[in-house]
$ cat structure24.txt   # compact mmCIF, C-alpha atoms
# COMPACT_ATOMS: atom_id res chain seq x y z
CA MET W 1 -20.67 24.00 13.96
CA GLN W 2 -20.04 20.32 14.56
CA LYS W 3 -21.88 18.05 12.15
CA GLU W 4 -24.32 15.44 13.44
CA HIS W 5 -25.13 12.24 11.57
CA PRO W 6 -28.66 11.16 12.57
CA GLU W 7 -28.84 8.79 9.58
CA ARG W 8 -25.95 6.71 10.91
CA PRO W 9 -26.72 4.14 13.62
CA SER W 10 -24.77 4.50 16.85
CA PRO W 11 -22.08 1.86 17.38
CA GLN W 12 -23.09 -1.03 19.62
CA TYR W 13 -20.06 -0.60 21.86
CA PRO W 14 -19.02 3.08 21.78
CA ILE W 15 -15.64 4.10 23.18
CA GLU W 16 -16.06 7.49 24.81
CA SER W 17 -12.44 8.63 24.51
CA VAL W 18 -12.32 7.79 20.79
CA ASP W 19 -15.65 9.53 20.25
CA ARG W 20 -14.37 12.69 21.94
CA ALA W 21 -11.11 12.71 19.96
CA LEU W 22 -12.96 12.31 16.65
CA ARG W 23 -15.44 15.03 17.59
CA LEU W 24 -12.47 17.29 18.27
CA LEU W 25 -11.06 16.58 14.83
CA LEU W 26 -14.42 17.39 13.24
CA MET W 27 -14.25 20.84 14.79
CA PHE W 28 -11.41 21.69 12.41
CA SER W 29 -13.65 21.07 9.38
CA ASP W 30 -15.38 24.43 9.76
CA ARG W 31 -12.91 26.56 11.71
CA SER W 32 -9.21 27.30 11.33
CA GLU W 33 -8.50 27.66 15.04
CA VAL W 34 -9.84 25.90 18.13
CA ARG W 35 -9.23 27.07 21.67
CA LEU W 36 -9.15 24.73 24.62
CA SER W 37 -12.25 26.47 25.97
CA ASP W 38 -14.01 25.72 22.65
CA ALA W 39 -13.12 22.05 22.94
CA ARG W 40 -14.20 21.91 26.56
CA GLU W 41 -17.56 23.48 25.77
CA ALA W 42 -18.23 21.36 22.67
CA LEU W 43 -17.44 18.09 24.45
CA GLY W 44 -18.92 18.98 27.80
CA VAL W 45 -15.78 17.94 29.67
CA GLY W 46 -13.44 19.53 32.18
CA GLN W 47 -10.30 21.49 31.40
CA SER W 48 -7.91 18.64 32.18
CA THR W 49 -9.81 16.14 30.00
CA ALA W 50 -9.90 18.54 27.06
CA HIS W 51 -6.19 19.22 27.49
CA ARG W 52 -5.29 15.52 27.54
CA LEU W 53 -7.31 14.86 24.39
CA MET W 54 -5.67 17.76 22.57
CA ALA W 55 -2.23 16.66 23.77
CA MET W 56 -2.77 13.22 22.21
CA LEU W 57 -3.84 14.76 18.90
CA VAL W 58 -0.75 16.98 18.98
CA PHE W 59 1.46 13.95 19.71
CA HIS W 60 0.20 12.18 16.57
CA GLY W 61 0.46 15.32 14.43
CA PHE W 62 -3.27 15.73 13.81
CA VAL W 63 -3.23 19.20 15.37
CA GLN W 64 -0.55 21.66 16.41
CA GLN W 65 -0.58 24.40 19.02
CA ASP W 66 0.58 27.95 18.49
CA PRO W 67 3.24 28.56 21.17
CA VAL W 68 2.21 32.20 21.58
CA THR W 69 -1.59 32.29 21.29
CA ARG W 70 -2.03 28.68 22.53
CA VAL W 71 -4.77 28.06 19.95
CA TYR W 72 -4.86 24.76 18.05
CA ARG W 73 -4.78 24.39 14.28
CA ALA W 74 -4.91 21.46 11.89
CA GLY W 75 -1.60 19.61 11.93
CA PRO W 76 0.44 17.97 9.16
CA ALA W 77 -1.03 14.49 9.65
CA LEU W 78 -4.57 15.75 9.18
CA MET W 79 -3.57 17.72 6.09
CA GLU W 80 -1.70 14.74 4.60
CA ILE W 81 -4.75 12.53 5.00
CA GLY W 82 -6.94 15.11 3.28
CA LEU W 83 -4.50 15.65 0.43
CA SER W 84 -4.05 11.90 -0.03
CA VAL W 85 -7.80 11.41 -0.41
CA VAL W 86 -8.09 14.31 -2.86
CA ASN W 87 -5.13 13.13 -4.93
CA ARG W 88 -6.56 9.63 -5.13
CA MET W 89 -9.96 10.92 -6.15
CA ASP W 90 -8.30 13.03 -8.85
CA LEU W 91 -6.33 10.00 -10.06
CA ARG W 92 -9.51 7.96 -10.44
CA VAL W 93 -11.36 10.76 -12.24
CA VAL W 94 -8.51 11.38 -14.68
CA ALA W 95 -7.83 7.68 -15.23
CA ARG W 96 -11.43 6.62 -15.86
CA PRO W 97 -11.72 7.48 -19.59
CA ILE W 98 -8.25 6.02 -20.17
CA LEU W 99 -9.30 2.78 -18.49
CA GLU W 100 -12.42 2.63 -20.65
CA SER W 101 -10.38 3.22 -23.81
CA LEU W 102 -7.78 0.61 -22.82
CA SER W 103 -10.46 -1.98 -22.12
CA ALA W 104 -12.10 -1.28 -25.49
CA ALA W 105 -8.76 -1.56 -27.30
CA THR W 106 -7.73 -4.82 -25.64
CA GLY W 107 -11.15 -6.36 -25.15
CA GLU W 108 -10.06 -7.33 -21.64
CA THR W 109 -10.51 -6.25 -18.02
CA VAL W 110 -8.28 -3.36 -16.93
CA HIS W 111 -7.44 -1.97 -13.49
CA LEU W 112 -5.96 1.06 -11.78
CA GLY W 113 -4.09 0.38 -8.54
CA VAL W 114 -1.86 2.07 -5.99
CA LEU W 115 0.87 0.75 -3.73
CA GLU W 116 0.16 0.71 0.01
CA GLU W 117 3.19 -0.63 1.87
CA GLY W 118 3.53 -4.18 0.50
CA GLN W 119 -0.05 -4.30 -0.81
CA VAL W 120 -1.86 -3.17 -3.93
CA ARG W 121 -5.24 -1.47 -3.59
CA PHE W 122 -7.41 -1.70 -6.69
CA LEU W 123 -8.92 1.78 -7.07
CA ASP W 124 -10.89 1.39 -10.27
CA GLY W 125 -11.42 -0.94 -13.19
CA VAL W 126 -13.42 -1.74 -16.30
CA GLU W 127 -14.53 -5.31 -16.96
CA SER W 128 -14.38 -6.97 -20.36
CA ASP W 129 -17.66 -7.42 -22.23
CA LEU W 130 -16.77 -11.01 -23.15
CA ALA W 131 -18.62 -13.87 -21.49
CA LEU W 132 -15.36 -15.44 -20.32
CA ARG W 133 -13.57 -12.61 -18.56
CA VAL W 134 -11.57 -11.62 -15.51
CA SER W 135 -13.80 -10.16 -12.80
CA GLY W 136 -13.12 -6.66 -11.54
CA ARG W 137 -11.20 -6.28 -8.29
CA VAL W 138 -12.14 -2.72 -7.34
CA GLY W 139 -11.80 -2.24 -3.60
CA ARG W 140 -9.72 -5.36 -3.07
CA VAL W 141 -6.24 -5.43 -1.57
CA LEU W 142 -3.68 -8.06 -2.61
CA PRO W 143 0.01 -8.65 -1.89
CA ALA W 144 2.02 -6.54 -4.32
CA HIS W 145 4.45 -9.34 -5.20
CA ALA W 146 1.53 -11.47 -6.45
CA THR W 147 0.17 -8.95 -8.99
CA SER W 148 1.43 -7.32 -12.17
CA LEU W 149 0.32 -3.93 -10.82
CA GLY W 150 2.36 -4.47 -7.67
CA LYS W 151 5.47 -5.78 -9.39
CA ALA W 152 5.38 -2.89 -11.87
CA MET W 153 5.36 -0.39 -9.00
CA LEU W 154 7.91 -2.28 -6.88
CA ALA W 155 10.29 -2.27 -9.86
CA GLN W 156 10.38 1.53 -9.64
CA LEU W 157 11.71 1.44 -6.08
CA PRO W 158 15.35 1.15 -5.01
CA LEU W 159 16.41 -2.21 -3.60
CA ASP W 160 16.60 -0.98 -0.01
CA ALA W 161 13.01 0.29 -0.23
CA VAL W 162 11.86 -3.11 -1.49
CA HIS W 163 13.71 -4.81 1.36
CA ALA W 164 12.06 -2.44 3.82
CA LEU W 165 8.65 -3.57 2.52
CA TYR W 166 9.76 -7.20 2.65
CA PRO W 167 12.12 -7.53 5.65
CA ARG W 168 11.98 -11.35 5.58
CA GLU W 169 13.02 -13.79 2.89
CA ALA W 170 9.72 -15.66 3.01
CA LEU W 171 6.77 -14.14 1.12
CA PRO W 172 3.14 -15.12 1.64
CA PRO W 173 1.63 -17.18 -1.21
CA VAL W 174 -1.74 -16.39 -2.79
CA THR W 175 -1.77 -19.31 -5.25
CA ALA W 176 0.57 -22.18 -6.00
CA ARG W 177 2.31 -19.97 -8.60
CA THR W 178 3.04 -17.03 -6.28
CA MET W 179 6.69 -16.26 -5.55
CA THR W 180 7.49 -17.16 -1.95
CA ARG W 181 11.09 -15.88 -1.65
CA ARG W 182 12.29 -12.29 -1.56
CA SER W 183 15.32 -13.29 -3.65
CA GLU W 184 12.92 -14.50 -6.38
CA LEU W 185 11.12 -11.18 -6.25
CA THR W 186 14.37 -9.25 -6.58
CA GLU W 187 15.26 -11.21 -9.72
CA GLU W 188 11.76 -10.74 -11.11
CA LEU W 189 11.91 -6.98 -10.59
CA GLU W 190 15.12 -6.90 -12.64
CA ARG W 191 13.24 -8.61 -15.47
CA VAL W 192 10.40 -6.11 -15.13
CA ARG W 193 12.84 -3.19 -15.49
CA ALA W 194 14.47 -4.77 -18.53
CA ARG W 195 11.15 -5.67 -20.16
CA GLY W 196 9.41 -2.41 -19.32
CA TYR W 197 6.31 -4.02 -17.85
CA ALA W 198 5.36 -6.68 -15.31
CA VAL W 199 3.74 -10.05 -15.96
CA ASN W 200 1.53 -12.10 -13.67
CA VAL W 201 0.74 -15.69 -14.64
CA GLU W 202 -1.70 -17.28 -12.19
CA GLU W 203 0.14 -15.71 -9.24
CA SER W 204 -2.97 -14.05 -7.76
CA GLU W 205 -5.74 -16.13 -9.34
CA GLU W 206 -5.71 -19.47 -11.12
CA GLY W 207 -6.43 -19.27 -14.83
CA VAL W 208 -5.69 -15.53 -14.98
CA THR W 209 -2.74 -13.66 -16.45
CA SER W 210 -2.04 -9.94 -16.65
CA VAL W 211 0.46 -7.29 -17.66
CA GLY W 212 1.05 -4.17 -15.59
CA LYS W 213 2.94 -0.92 -15.91
CA ALA W 214 3.63 1.84 -13.37
CA VAL W 215 2.93 5.55 -13.70
CA VAL W 216 5.53 7.68 -11.89
CA ARG W 217 6.39 11.29 -11.33
CA PRO W 218 9.47 12.65 -13.17
CA GLY W 219 11.40 12.43 -9.89
CA GLY W 220 10.61 8.74 -9.57
CA GLU W 221 7.66 8.75 -7.12
CA VAL W 222 5.22 5.96 -7.95
CA VAL W 223 1.66 7.28 -8.17
CA GLY W 224 -0.10 4.17 -9.44
CA ALA W 225 -0.17 1.53 -12.14
CA LEU W 226 -2.44 0.15 -14.86
CA SER W 227 -2.94 -3.49 -15.80
CA VAL W 228 -4.68 -5.60 -18.43
CA ALA W 229 -5.95 -8.96 -17.17
CA ALA W 230 -7.27 -11.85 -19.26
CA PRO W 231 -8.02 -15.57 -19.00
CA LEU W 232 -4.87 -17.62 -19.52
CA SER W 233 -6.71 -19.61 -22.19
CA ARG W 234 -7.02 -16.44 -24.30
CA THR W 235 -3.37 -15.39 -23.99
CA ASP W 236 -0.22 -16.13 -25.94
CA ASP W 237 3.08 -14.27 -26.35
CA ASP W 238 1.82 -12.17 -29.27
CA LYS W 239 -1.33 -11.09 -27.42
CA ARG W 240 0.68 -10.31 -24.30
CA GLU W 241 3.05 -8.09 -26.30
CA ARG W 242 0.13 -6.28 -27.94
CA ARG W 243 -1.55 -5.69 -24.59
CA ALA W 244 1.73 -4.41 -23.16
CA ALA W 245 2.10 -1.95 -26.05
CA LEU W 246 -1.45 -0.64 -25.58
CA LEU W 247 -0.82 -0.48 -21.83
CA ALA W 248 2.29 1.63 -22.37
CA GLU W 249 0.28 4.07 -24.50
CA ALA W 250 -2.39 4.28 -21.81
CA CYS W 251 0.19 5.01 -19.11
CA GLU W 252 1.65 7.78 -21.26
CA LYS W 253 -1.82 9.27 -21.73
CA LEU W 254 -2.51 9.10 -18.00
CA ALA W 255 0.81 10.72 -17.18
CA ALA W 256 0.14 13.48 -19.71
CA ALA W 257 -3.40 13.98 -18.41
CA LEU W 258 -2.06 14.35 -14.91
CA GLY W 259 0.51 16.85 -16.10
CA TRP W 260 3.41 14.50 -15.46
CA ALA W 261 5.89 12.87 -17.80
CA ALA W 262 5.94 9.08 -17.85
CA THR W 263 9.33 7.74 -16.88
CA GLY W 264 8.64 4.07 -16.28
$ encode --input "structure24.txt" --output "structure tokens"
Amino acid sequence: MQKEHPERPSPQYPIESVDRALRLLLMFSDRSEVRLSDAREALGVGQSTAHRLMAMLVFHGFVQQDPVTRVYRAGPALMEIGLSVVNRMDLRVVARPILESLSAATGETVHLGVLEEGQVRFLDGVESDLALRVSGRVGRVLPAHATSLGKAMLAQLPLDAVHALYPREALPPVTARTMTRRSELTEELERVRARGYAVNVEESEEGVTSVGKAVVRPGGEVVGALSVAAPLSRTDDDKRERRAALLAEACEKLAAALGWAATG
């Protein structure tokens, strides 16, 4: 049965076609197969309207039609969205105690992030207990080339994949210290690979520095990254190296907890 949401206010400017398409998708939450007659009845529309709506969902891969029985089932796009959400939730759950331990060991703010095209989404984090600290960025999205999390993950990609994410030479700045040329980023990623971790010095926020390291599947697929961020005034080369060592241990623990082997 289709779920209603009386607690949610109706949108001020509803779009009927979008509403119908989304209601169709919700039908697949409690049934494995949907017939065109089911869709027509649930939406209160004619045969041709129901068919056009289903055809659009098929076109985008959200549903697929059995060529023999003509019934509709959940398509690959819908399944990929569901699996992506579940995987991300699992990543946060598994990473949480490791983030807490890493923050306690370093005394600084730590984050978990994932790569989304040329952006980094901050999934979770633990703030430092110190009065002067880096604020958490959970929920924020920042350009990958301006963060240690992003550079750590970009360094795991082949050059052509990086160029696909950054098709132009010019890169958008976040601060005055952000790299603004793709050629600079390419050179920086080489240093990240050689060093084993990425460094961000005031490239995403003035007065803040961080180190980041990627977590990848054995085959090379990037699944996320961890970072340790601190005020620049509380950072020197020795502290950065210590944070990087603790970060590497945390990434190994996360990889092991996820059942993967850390390779980067």
$ residues_around --input "structure24.txt" --residues "segment 239-248 of chain W" --least-positions-apart "3" --cutoff "8 Å" --atoms "all atoms listed in the file" --output "list in words"
Leu102, Ala105, Thr106, Tyr197, Val211, Gly212, Lys213, Leu226, Ser227, Val228, Thr235, Asp236, Cys251 and Glu252 of chain W
$ atom_distance --input "structure24.txt" --atom1 "atom CA of Arg96 of chain W" --atom2 "atom CA of Gly139 of chain W"
15.1 Å
$ closest_residue --input "structure24.txt" --among "W:Lys253, W:Val174, W:Leu99, W:Leu57" --to "Val18 of chain W" --atoms "only C-alpha atoms"
W:Leu57
$ residues_around --input "structure24.txt" --residues "segment 117-133 of chain W" --least-positions-apart "6" --cutoff "10 Å" --atoms "all atoms listed in the file" --output "PyMOL selection string"
chain W and resi 88-89+91-93+95-97+99-104+106-111+139-151+153-154+162+164-166+208+224-231+233-234
$ write_last_selection --input "structure24.txt" --atoms "C-alpha atoms" --output "mmCIF file, keeping the file's coordinate frame"
data_model
loop_
_atom_site.group_PDB
_atom_site.id
_atom_site.type_symbol
_atom_site.label_atom_id
_atom_site.label_comp_id
_atom_site.auth_asym_id
_atom_site.auth_seq_id
_atom_site.Cartn_x
_atom_site.Cartn_y
_atom_site.Cartn_z
ATOM 1 C CA ARG W 88 -6.560 9.630 -5.130
ATOM 2 C CA MET W 89 -9.960 10.920 -6.150
ATOM 3 C CA LEU W 91 -6.330 10.000 -10.060
ATOM 4 C CA ARG W 92 -9.510 7.960 -10.440
ATOM 5 C CA VAL W 93 -11.360 10.760 -12.240
ATOM 6 C CA ALA W 95 -7.830 7.680 -15.230
ATOM 7 C CA ARG W 96 -11.430 6.620 -15.860
ATOM 8 C CA PRO W 97 -11.720 7.480 -19.590
ATOM 9 C CA LEU W 99 -9.300 2.780 -18.490
ATOM 10 C CA GLU W 100 -12.420 2.630 -20.650
ATOM 11 C CA SER W 101 -10.380 3.220 -23.810
ATOM 12 C CA LEU W 102 -7.780 0.610 -22.820
ATOM 13 C CA SER W 103 -10.460 -1.980 -22.120
ATOM 14 C CA ALA W 104 -12.100 -1.280 -25.490
ATOM 15 C CA THR W 106 -7.730 -4.820 -25.640
ATOM 16 C CA GLY W 107 -11.150 -6.360 -25.150
ATOM 17 C CA GLU W 108 -10.060 -7.330 -21.640
ATOM 18 C CA THR W 109 -10.510 -6.250 -18.020
ATOM 19 C CA VAL W 110 -8.280 -3.360 -16.930
ATOM 20 C CA HIS W 111 -7.440 -1.970 -13.490
ATOM 21 C CA GLY W 139 -11.800 -2.240 -3.600
ATOM 22 C CA ARG W 140 -9.720 -5.360 -3.070
ATOM 23 C CA VAL W 141 -6.240 -5.430 -1.570
ATOM 24 C CA LEU W 142 -3.680 -8.060 -2.610
ATOM 25 C CA PRO W 143 0.010 -8.650 -1.890
ATOM 26 C CA ALA W 144 2.020 -6.540 -4.320
ATOM 27 C CA HIS W 145 4.450 -9.340 -5.200
ATOM 28 C CA ALA W 146 1.530 -11.470 -6.450
ATOM 29 C CA THR W 147 0.170 -8.950 -8.990
ATOM 30 C CA SER W 148 1.430 -7.320 -12.170
ATOM 31 C CA LEU W 149 0.320 -3.930 -10.820
ATOM 32 C CA GLY W 150 2.360 -4.470 -7.670
ATOM 33 C CA LYS W 151 5.470 -5.780 -9.390
ATOM 34 C CA MET W 153 5.360 -0.390 -9.000
ATOM 35 C CA LEU W 154 7.910 -2.280 -6.880
ATOM 36 C CA VAL W 162 11.860 -3.110 -1.490
ATOM 37 C CA ALA W 164 12.060 -2.440 3.820
ATOM 38 C CA LEU W 165 8.650 -3.570 2.520
ATOM 39 C CA TYR W 166 9.760 -7.200 2.650
ATOM 40 C CA VAL W 208 -5.690 -15.530 -14.980
ATOM 41 C CA GLY W 224 -0.100 4.170 -9.440
ATOM 42 C CA ALA W 225 -0.170 1.530 -12.140
ATOM 43 C CA LEU W 226 -2.440 0.150 -14.860
ATOM 44 C CA SER W 227 -2.940 -3.490 -15.800
ATOM 45 C CA VAL W 228 -4.680 -5.600 -18.430
ATOM 46 C CA ALA W 229 -5.950 -8.960 -17.170
ATOM 47 C CA ALA W 230 -7.270 -11.850 -19.260
ATOM 48 C CA PRO W 231 -8.020 -15.570 -19.000
ATOM 49 C CA SER W 233 -6.710 -19.610 -22.190
ATOM 50 C CA ARG W 234 -7.020 -16.440 -24.300
#
$ atom_distance --input "structure24.txt" --atom1 "atom CA of Ser17 of chain W" --atom2 "atom CA of Val45 of chain W"
11.2 Å
$ atom_distance --input "structure24.txt" --atom1 "atom CA of Glu116 of chain W" --atom2 "atom CA of Leu232 of chain W"
27.3 Å
$ residues_around --input "structure24.txt" --residues "Arg40 of chain W" --least-positions-apart "5" --cutoff "12 Å" --atoms "only C-alpha atoms" --output "count of residues only"
17
$ closest_residue --input "structure24.txt" --among "W:Arg31, W:Arg70, W:His60, W:Arg182" --to "Leu159 of chain W" --atoms "all atoms listed in the file"
W:Arg182
$ closest_residue --input "structure24.txt" --among "W:Ala152, W:Glu41, W:Arg177, W:Ser29" --to "Arg191 of chain W" --atoms "only C-alpha atoms"
W:Ala152
$ closest_residue --input "structure24.txt" --among "W:Ala257, W:Ala55, W:Leu22, W:Val222" --to "Val94 of chain W" --atoms "all atoms listed in the file"
W:Ala257
$ axis_aligned_box --input "structure24.txt" --around "segment 155-172 of chain W" --padding-each-side "3 Å" --output "AutoDock Vina command-line options"
--center_x 9.9 --center_y -7.1 --center_z -2.1 --size_x 19.5 --size_y 23.2 --size_z 21.5
